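Below is one structure, written out as structure tokens; the observations come after it.
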Amino acid sequence: MRIVPASPSYFSAKPTFTDDFLSLSALLRKVATLPVIPPTEAPKVAWKTIDQYRIMTNEPVKTARYHRMLQILRRLNCIHPSLMPDEVVQAMLRYKKPNQPGEVQPAPGVIDELGRAKGVGRRKTSSAVAWLVEGEGEVLVNGKSLSQFFGRLHHRESAVWALKATSRLDKYNVFALVQGGGLTGQAEAMTLAVAKSLLVHEPALKPALRRAGTITRDPRRVERKKPGHVKARKMPTWVKR
Amino acid sequence: MPPSTCLRSFAQLSLDASAHHGIAPRLLRHPTACFSTSAVRYAAVVKKKGLKAAPKKGEKSLNTKKGRKAPGGGDMGKRPAQGERKAQRKRIVLSNDNALNVSSLQDLDSDNVLRQANEGKVMGLPQANPVDPLKPSTVDALRAVEAFKTSQGWSLFRRPAVLMMKEAVQLAGLFSEVEASAAGAPKKTIRRILCGERMSGKSTLLLQGLAMGFLRDWFVINLPEAQDMVNAHTDYAPLPNSQPMQYTQDTYTANLLQQMLKSNGAFLGSTRLSTTPNPPLALSANATLKELAALGMANPELSWPVFVALWKELSLPGRPPVLLAVDGLSHIMRHSEYMSAEVKPIHAHDLTLVRHFVDHLSGQKKLPNGGIVLGATSQSNAPTSSALDFCIQVAEARQKTPDNVPQWNPYKKVDVRVMEALKDLNSDSSDFDIIKVGGLSKEEARSIMEYYAESGMLRHQVNEGFVAEKWSLAGMGNIGELEKASVRWRL
């Protein structure tokens with residue numbers, strides 16, 4: 001009576017990986033004739049990184065080999081979605097990250113019973129909350145008019161840029177609360193807040209607003225000071241002795 | 001060195017060099033005349049530059065030479081004469097030759113100035129007297145009473161013109177009301193405080209009021225800047241026999257008489273003195289009021305008695321209604337910068353001219369021939385006067401939300417005299433109220449922007465979207481911001 005291991009790759013150095021690779025290759029051979037879509041149109045998938053795979057299998061898998069396996073997975077992912085066999089979906093599940101991009105959707109904004117849509121925006125150290133209602137183009141920032149709050153015309157234009165760029169300035173009224181930071185930060189925080197609340201009213205404006213640059217939060221902030229430097233980057237003056 | 005000497009020394013040098021071959025190189029090194037060594041001896045020793053020891057580490061050296069001008073060079077331009085800079089700063093420019101003439105601009109005149117249909121129209125201020133071209137026009141009169149301010153945009157356009165906002169029409173309504181009451185026995189005195197946010201056109205509305213007064217042949221007294229009365233820049237003197245002590249400002253009053261003479265000259269010249277001034281003044285029996293005012297103008301020490309006599313004349317029945325106006329109200333609602341003999345600050349209400357105005361504003365005295373008292377507040381040049389601010393807030397709340405009127409904060413210092421003067425604002429009488437200026441409607445904004453465009457100062461098609469955009473950016477139709485955004489800050 002000879003005891004035979006369940007897997008033929010039991011005596012290889014990386015039995016799990018070898019099994020995975022062989023099973024995926026076999027699967028691909030089986031479904032190779034199914035129609036495919038171009039890779040650019042295939043659903044976006046975040047595959048496990050090599051490190052995550054190594055931890056999962058507890059085997060020293062080489063990068064190049066793992067990439068070869070990923071190529072098979074990407075090819076499987078290109079099968080036309082309407083004809084995708086359930087077997088393939090189940091097989092790919094093992095190699096996907098637990099959270100896929102686009103899975104976590106923010107709760108859609110709502111227009112409340114008074115017709116207000118709320119949006120929040122941040123820039124530098126300022127944050128702004130804006131409420132948008134349909135109206136004639138009146139703007140109140142912290143209870144003051146736009147010209148009273150922002151002395152510079154540039155800041156005023158920044159604050160309502162989302163409305164101005166989509167020529168909706170005379171269609172909505174804005175109430176905003178801003179705090180923190182300086183005037184530039186507050187004005188540009190308001191840009192984002194107004195844009196987000198405008199998206200609640202008119203979601204179709206998103207491409208136009210992205211072109212106007214009011215969707216993306218500007219992540220820049222003051223760089224920290226470092227030891228040995230006078231400021232973040234500035235070095236003390238060079239002295240001969 | 002003059003050329004002749006040079007040539008001679010050079011000749012001498014060459015002679016010497018040919019005679020003594022050994023010393024020739026040395027001589028050539030010192031190209032000086034042989035017969036004189038003074039030039040070498042007196043020549044200043046040239047110090048080598050840049051050999052100064054470098055400052056030690058961590059040591060700060062003060063460079064005293066920096067910023068000092070070179071002895072011969074530097075700015076040797078002519079300094080402006082005394083008073084020239086101030087004159088330039090205070091200069092009022094009322095026309096811009098580069099702006100286009102707006103052909104559709106209609107002038108204000110005595111007939112149409114109080115018409116309600118003017119609302120939302122831009123109207124020109126008359127630059128020529130319709131009756132007699134040699135007499136001063138409304139613009140001249142306004143200039144004489146210093147109604148135009150340097151901060152206003154008069155210098156941008158061909159000729160002065162104003163937008164008849166809804167507040168201006170409201171003010172015109174008050175003028176009509178007073179004129180309608182002229183026949184009745186109790187003639188109306190209407191008092192209004194103009195308030196509103198910065199650059200909303202309070203001073204311009206005051207100017208419009210003055211223009212209405214001039215066009216309707218009222219007697220107009222304008223105190224152009226309240227600050228000038230209380231900042232201790234003019235002389236003052238105690239008024240004899242006054243209890244509590246009051247103070248006259250003779251030079252200021254004489255100047256005011258001069259302004260009145262220039263602006264209301266027609267009335268003053270045509271009216272004869274019918275009361276005897278007390279104390280008696282050196283005037284003939286049937287002198288005109290013009291002579292009376294000229295007397296006060298020429299003798300500043302007599303200016304206050306002359307003003308009182310003039311006021312008594314104006315109070316007689318049959319004289320025109322009076323328009324009293326002041327700009328920068330909060331300056332006269334506090335202590336002035338003047339000191340009493342006991343080195344205590346003098347309250348602004350103890351200055352005779354200010355008291356004269358405040359008595360009429362508070363309603364303590366009535367204008368016997370009817371009239372309007374106007375006080376404009378300022379947001380850019382305003383000392384804190386919490387009593388005035390509070391009274392305005394209350395009046396505003398009474399207009400908007402009568403059931404929610406603010407209460408005085410008991411922990412704040414209160415200026416009792418100001419509260420007393422303005423207490424009528426908190427009552428139900430319609431004679432004393434505020435006019436909240438600001439916030440053009442979109443139609444008004446469009447009208448003024450069309451005027452800008454026709455003047456050639458705004459190069460953009462004035463359509464609904466453009467007007468709405470500028471209206472929003474100007475803080476919901478703040479007219480000063482609108483002008484700034486569309487004319488001054490042209491991009």
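Ordering of the structure tokens sets the chain letters (A, B, ...), residue numbers begin anew at 1 in every chain, and ligands are numbered from 1 in the order given.
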Inset, instruction - Would you kindly return, as number ranges by chain, each protein, DNA or RNA residue with an atom no farther than 12 Å from any atom of Pro108 in chain A, considering only C-alpha atoms and excluding same-chain residues fewer than 4 positions away? - result: A: 104, 117-119, 196-197, 199-201, 203
Inset, instruction - Mind checking which residues fall within 8 Å of Leu257 in chain B, counting only C-alpha atoms, ignoring those fewer than 5 positions away in the same chain, and posting them as number ranges by chain? - result: B: 293-294, 296-297, 303, 307
Please produce a file of the residues just selected, as a PDB file, in the first residue's frame, where the atoms kept are all heavy atoms.
```pdb
ATOM      1  N   ALA B 293     -24.375 137.155   5.095  1.00  0.00           N
ATOM      2  CA  ALA B 293     -23.493 135.992   5.054  1.00  0.00           C
ATOM      3  C   ALA B 293     -22.065 136.416   4.740  1.00  0.00           C
ATOM      4  O   ALA B 293     -21.104 135.892   5.317  1.00  0.00           O
ATOM      5  CB  ALA B 293     -23.984 135.006   4.013  1.00  0.00           C
ATOM      6  N   ALA B 294     -21.925 137.410   3.847  1.00  0.00           N
ATOM      7  CA  ALA B 294     -20.588 137.867   3.489  1.00  0.00           C
ATOM      8  C   ALA B 294     -19.887 138.486   4.691  1.00  0.00           C
ATOM      9  O   ALA B 294     -18.670 138.355   4.852  1.00  0.00           O
ATOM     10  CB  ALA B 294     -20.676 138.871   2.347  1.00  0.00           C
ATOM     11  N   GLY B 296     -20.291 137.534   7.837  1.00  0.00           N
ATOM     12  CA  GLY B 296     -19.803 136.443   8.658  1.00  0.00           C
ATOM     13  C   GLY B 296     -18.615 135.746   8.030  1.00  0.00           C
ATOM     14  O   GLY B 296     -17.716 135.260   8.725  1.00  0.00           O
ATOM     15  N   MET B 297     -18.633 135.725   6.702  1.00  0.00           N
ATOM     16  CA  MET B 297     -17.537 135.075   5.989  1.00  0.00           C
ATOM     17  C   MET B 297     -16.241 135.852   6.183  1.00  0.00           C
ATOM     18  O   MET B 297     -15.175 135.282   6.399  1.00  0.00           O
ATOM     19  CB  MET B 297     -17.906 135.067   4.505  1.00  0.00           C
ATOM     20  CG  MET B 297     -17.454 133.920   3.742  1.00  0.00           C
ATOM     21  SD  MET B 297     -18.137 134.147   2.106  1.00  0.00           S
ATOM     22  CE  MET B 297     -16.901 135.183   1.383  1.00  0.00           C
ATOM     23  N   SER B 303     -18.943 134.841  12.792  1.00  0.00           N
ATOM     24  CA  SER B 303     -19.625 133.875  11.933  1.00  0.00           C
ATOM     25  C   SER B 303     -20.787 133.185  12.641  1.00  0.00           C
ATOM     26  O   SER B 303     -21.825 132.941  12.032  1.00  0.00           O
ATOM     27  CB  SER B 303     -18.628 132.845  11.414  1.00  0.00           C
ATOM     28  OG  SER B 303     -18.025 132.193  12.499  1.00  0.00           O
ATOM     29  N   PHE B 307     -24.604 133.208  11.562  1.00  0.00           N
ATOM     30  CA  PHE B 307     -25.327 131.974  11.241  1.00  0.00           C
ATOM     31  C   PHE B 307     -26.665 131.955  11.968  1.00  0.00           C
ATOM     32  O   PHE B 307     -27.695 131.602  11.385  1.00  0.00           O
ATOM     33  CB  PHE B 307     -24.475 130.761  11.634  1.00  0.00           C
ATOM     34  CG  PHE B 307     -25.087 129.449  11.262  1.00  0.00           C
ATOM     35  CD1 PHE B 307     -24.899 128.918   9.996  1.00  0.00           C
ATOM     36  CD2 PHE B 307     -25.872 128.745  12.167  1.00  0.00           C
ATOM     37  CE1 PHE B 307     -25.475 127.717   9.639  1.00  0.00           C
ATOM     38  CE2 PHE B 307     -26.455 127.539  11.821  1.00  0.00           C
ATOM     39  CZ  PHE B 307     -26.253 127.028  10.551  1.00  0.00           C
TER      40      PHE B 307
END
```
Legend entry - Option closest in space to Ala397 in chain B, from B:Glu291, B:Glu420, B:Asp433, B:Asp350 [counting only C-alpha atoms]: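 The shortest atom-to-atom distance to Ala397 in chain B comes from B:Asp433.
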Inset, instruction - Report as a ChimeraX atom specification: the residues of range 107-329 of chain B with a DSSP assignment of helix (DSSP H, G or I), based on the backbone of this structure. - result: /B:116-118,138-144,153-156,166-180,202-215,226-230,250-263,265-270,289-298,300-314,329
Write to file, as an mmCIF file, in the first residue's frame, the residues of the selection just made, with C-alpha atoms.
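New file again19.cif:
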```cif
data_model
loop_
_atom_site.group_PDB
_atom_site.id
_atom_site.type_symbol
_atom_site.label_atom_id
_atom_site.label_comp_id
_atom_site.auth_asym_id
_atom_site.auth_seq_id
_atom_site.Cartn_x
_atom_site.Cartn_y
_atom_site.Cartn_z
ATOM 1 C CA GLN B 116 -41.664 108.460 -9.450
ATOM 2 C CA ALA B 117 -41.246 107.284 -13.049
ATOM 3 C CA ASN B 118 -37.538 108.000 -12.808
ATOM 4 C CA THR B 138 -26.660 122.277 -9.784
ATOM 5 C CA VAL B 139 -23.276 120.723 -10.410
ATOM 6 C CA ASP B 140 -21.567 123.960 -9.378
ATOM 7 C CA ALA B 141 -23.710 124.160 -6.263
ATOM 8 C CA LEU B 142 -22.975 120.540 -5.378
ATOM 9 C CA ARG B 143 -19.298 121.201 -5.906
ATOM 10 C CA ALA B 144 -19.529 124.266 -3.686
ATOM 11 C CA GLY B 153 -16.272 107.392 -9.763
ATOM 12 C CA TRP B 154 -17.159 110.781 -11.268
ATOM 13 C CA SER B 155 -13.873 110.983 -13.123
ATOM 14 C CA LEU B 156 -14.701 107.926 -15.196
ATOM 15 C CA LYS B 166 -35.509 102.906 -5.493
ATOM 16 C CA GLU B 167 -34.133 104.662 -2.402
ATOM 17 C CA ALA B 168 -33.636 107.873 -4.395
ATOM 18 C CA VAL B 169 -37.222 107.693 -5.556
ATOM 19 C CA GLN B 170 -38.253 107.115 -1.959
ATOM 20 C CA LEU B 171 -36.314 110.253 -1.009
ATOM 21 C CA ALA B 172 -37.993 112.154 -3.837
ATOM 22 C CA GLY B 173 -41.310 111.027 -2.364
ATOM 23 C CA LEU B 174 -40.298 112.637 0.943
ATOM 24 C CA PHE B 175 -39.512 115.884 -0.874
ATOM 25 C CA SER B 176 -42.945 115.850 -2.486
ATOM 26 C CA GLU B 177 -44.529 115.116 0.894
ATOM 27 C CA VAL B 178 -42.846 118.136 2.476
ATOM 28 C CA GLU B 179 -43.741 120.371 -0.451
ATOM 29 C CA ALA B 180 -47.340 119.174 -0.305
ATOM 30 C CA LYS B 202 -25.076 106.306 0.832
ATOM 31 C CA SER B 203 -23.050 109.418 0.064
ATOM 32 C CA THR B 204 -24.301 109.403 -3.507
ATOM 33 C CA LEU B 205 -27.872 109.191 -2.270
ATOM 34 C CA LEU B 206 -27.128 112.154 -0.025
ATOM 35 C CA LEU B 207 -25.808 113.953 -3.088
ATOM 36 C CA GLN B 208 -28.977 113.097 -4.957
ATOM 37 C CA GLY B 209 -30.947 114.545 -2.059
ATOM 38 C CA LEU B 210 -28.888 117.738 -2.209
ATOM 39 C CA ALA B 211 -29.408 117.918 -5.965
ATOM 40 C CA MET B 212 -33.167 117.587 -5.437
ATOM 41 C CA GLY B 213 -32.979 120.389 -2.872
ATOM 42 C CA PHE B 214 -31.100 122.671 -5.246
ATOM 43 C CA LEU B 215 -33.404 121.912 -8.152
ATOM 44 C CA ALA B 226 -18.587 115.332 10.011
ATOM 45 C CA GLN B 227 -15.069 114.297 10.825
ATOM 46 C CA ASP B 228 -13.756 117.762 9.957
ATOM 47 C CA MET B 229 -15.896 119.279 12.679
ATOM 48 C CA VAL B 230 -14.732 117.082 15.521
ATOM 49 C CA ASP B 250 -15.444 130.268 13.845
ATOM 50 C CA THR B 251 -13.288 129.387 10.858
ATOM 51 C CA TYR B 252 -15.387 126.347 10.064
ATOM 52 C CA THR B 253 -18.617 128.324 10.356
ATOM 53 C CA ALA B 254 -17.207 131.115 8.167
ATOM 54 C CA ASN B 255 -16.295 128.492 5.570
ATOM 55 C CA LEU B 256 -19.782 127.007 5.823
ATOM 56 C CA LEU B 257 -21.274 130.477 5.247
ATOM 57 C CA GLN B 258 -19.100 130.797 2.181
ATOM 58 C CA GLN B 259 -20.379 127.472 0.891
ATOM 59 C CA MET B 260 -23.944 128.536 1.534
ATOM 60 C CA LEU B 261 -23.307 131.795 -0.273
ATOM 61 C CA LYS B 262 -21.947 129.985 -3.302
ATOM 62 C CA SER B 263 -24.646 127.352 -3.447
ATOM 63 C CA GLY B 265 -26.549 132.692 -3.680
ATOM 64 C CA ALA B 266 -29.685 133.373 -5.724
ATOM 65 C CA PHE B 267 -32.005 133.162 -2.729
ATOM 66 C CA LEU B 268 -29.652 135.044 -0.400
ATOM 67 C CA GLY B 269 -29.117 137.814 -2.936
ATOM 68 C CA SER B 270 -32.807 138.365 -3.538
ATOM 69 C CA LEU B 289 -29.009 138.131 3.318
ATOM 70 C CA LYS B 290 -26.064 137.843 0.989
ATOM 71 C CA GLU B 291 -24.429 140.826 2.686
ATOM 72 C CA LEU B 292 -25.180 139.260 6.035
ATOM 73 C CA ALA B 293 -23.493 135.992 5.054
ATOM 74 C CA ALA B 294 -20.588 137.867 3.489
ATOM 75 C CA LEU B 295 -20.108 139.713 6.775
ATOM 76 C CA GLY B 296 -19.803 136.443 8.658
ATOM 77 C CA MET B 297 -17.537 135.075 5.989
ATOM 78 C CA ALA B 298 -15.162 138.020 6.223
ATOM 79 C CA PRO B 300 -14.853 134.624 11.406
ATOM 80 C CA GLU B 301 -15.370 135.868 14.979
ATOM 81 C CA LEU B 302 -18.844 137.031 13.883
ATOM 82 C CA SER B 303 -19.625 133.875 11.933
ATOM 83 C CA TRP B 304 -21.701 132.163 14.610
ATOM 84 C CA PRO B 305 -23.946 135.205 15.375
ATOM 85 C CA VAL B 306 -24.335 135.626 11.621
ATOM 86 C CA PHE B 307 -25.327 131.974 11.241
ATOM 87 C CA VAL B 308 -27.890 132.374 14.023
ATOM 88 C CA ALA B 309 -29.264 135.532 12.407
ATOM 89 C CA LEU B 310 -29.426 133.776 9.049
ATOM 90 C CA TRP B 311 -31.260 130.846 10.594
ATOM 91 C CA LYS B 312 -33.745 133.239 12.194
ATOM 92 C CA GLU B 313 -34.326 134.759 8.768
ATOM 93 C CA LEU B 314 -34.875 131.323 7.277
ATOM 94 C CA LEU B 329 -22.802 110.652 11.164
#
```
Inset, instruction - Would you kindly return, as a ChimeraX atom specification, each protein, DNA or RNA residue with an atom no farther than 10 Å from any atom of Tyr53 in chain A, considering only C-alpha atoms and excluding same-chain residues fewer than 2 positions away? - result: /A:17,47-51,55-61,66,94-97
Legend entry - Nearest residue to chain B from the set A:Arg116, A:Arg241, A:Arg29, A:Arg217 (distances using only C-alpha atoms): A:Arg241
Legend entry - chain B contacts on chain A, only C-alpha atoms, 12 Å, as a ChimeraX atom specification: /A:135-141,143-161,163-174,236-241
Legend entry - Per-residue DSSP, range 174-239 of chain A, filtered to strand (DSSP E), as a ChimeraX atom specification: /A:174-179
Legend entry - Who sits within 7 Å of Phe219 in chain B, only C-alpha atoms, same chain under 4 positions skipped, as a list of chain:residue names: B:Asn264, B:Pro320, B:Pro321, B:Val322, B:Leu323
Let me see the file: selected residues, N, CA, C and O atoms, as a PDB file, in the first residue's frame.
```
ATOM      1  N   ASN B 264     -26.381 128.769  -2.477  1.00  0.00           N
ATOM      2  CA  ASN B 264     -27.739 129.321  -2.398  1.00  0.00           C
ATOM      3  C   ASN B 264     -27.727 130.811  -2.681  1.00  0.00           C
ATOM      4  O   ASN B 264     -28.551 131.563  -2.153  1.00  0.00           O
ATOM      5  N   PRO B 320     -38.166 129.448   1.976  1.00  0.00           N
ATOM      6  CA  PRO B 320     -38.202 128.083   1.405  1.00  0.00           C
ATOM      7  C   PRO B 320     -37.937 126.997   2.452  1.00  0.00           C
ATOM      8  O   PRO B 320     -37.390 127.297   3.512  1.00  0.00           O
ATOM      9  N   PRO B 321     -38.343 125.765   2.143  1.00  0.00           N
ATOM     10  CA  PRO B 321     -37.993 124.655   3.038  1.00  0.00           C
ATOM     11  C   PRO B 321     -36.478 124.458   3.086  1.00  0.00           C
ATOM     12  O   PRO B 321     -35.767 124.880   2.179  1.00  0.00           O
ATOM     13  N   VAL B 322     -36.038 123.828   4.160  1.00  0.00           N
ATOM     14  CA  VAL B 322     -34.602 123.698   4.388  1.00  0.00           C
ATOM     15  C   VAL B 322     -34.198 122.238   4.293  1.00  0.00           C
ATOM     16  O   VAL B 322     -34.926 121.358   4.755  1.00  0.00           O
ATOM     17  N   LEU B 323     -33.071 121.986   3.661  1.00  0.00           N
ATOM     18  CA  LEU B 323     -32.490 120.640   3.658  1.00  0.00           C
ATOM     19  C   LEU B 323     -31.191 120.701   4.451  1.00  0.00           C
ATOM     20  O   LEU B 323     -30.275 121.435   4.099  1.00  0.00           O
TER      21      LEU B 323
END
```
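Proximity of A:Ala32, A:Leu24, A:Met190, A:Ile37 to Gln71 in chain A, computed with only C-alpha atoms, is greatest for A:Leu24.
Using only C-alpha atoms, the protein and nucleic acid residues lying no more than 12 Å from His347 in chain B, apart from those fewer than 2 places from it along its own chain, are B:Met229, B:Val230, B:Asn231, B:Pro244, B:Met245, B:Gln246, B:Tyr247, B:His331, B:Ile332, B:Met333, B:Arg334, B:His335, B:Ser336, B:Glu337, B:Tyr338, B:Met339, B:Ser340, B:Lys344, B:Pro345, B:His349, B:Asp350, B:Leu351, B:Thr352, B:Val354, B:Arg355, B:Asp415, B:Val416, B:Arg417, B:Val418.
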Legend entry - Counting only C-alpha atoms, the option among B:Pro136, B:Gly480, B:Gly375, B:Gly439 closest to Val326 in chain B: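 Closest residue, counting only C-alpha atoms: B:Gly375.
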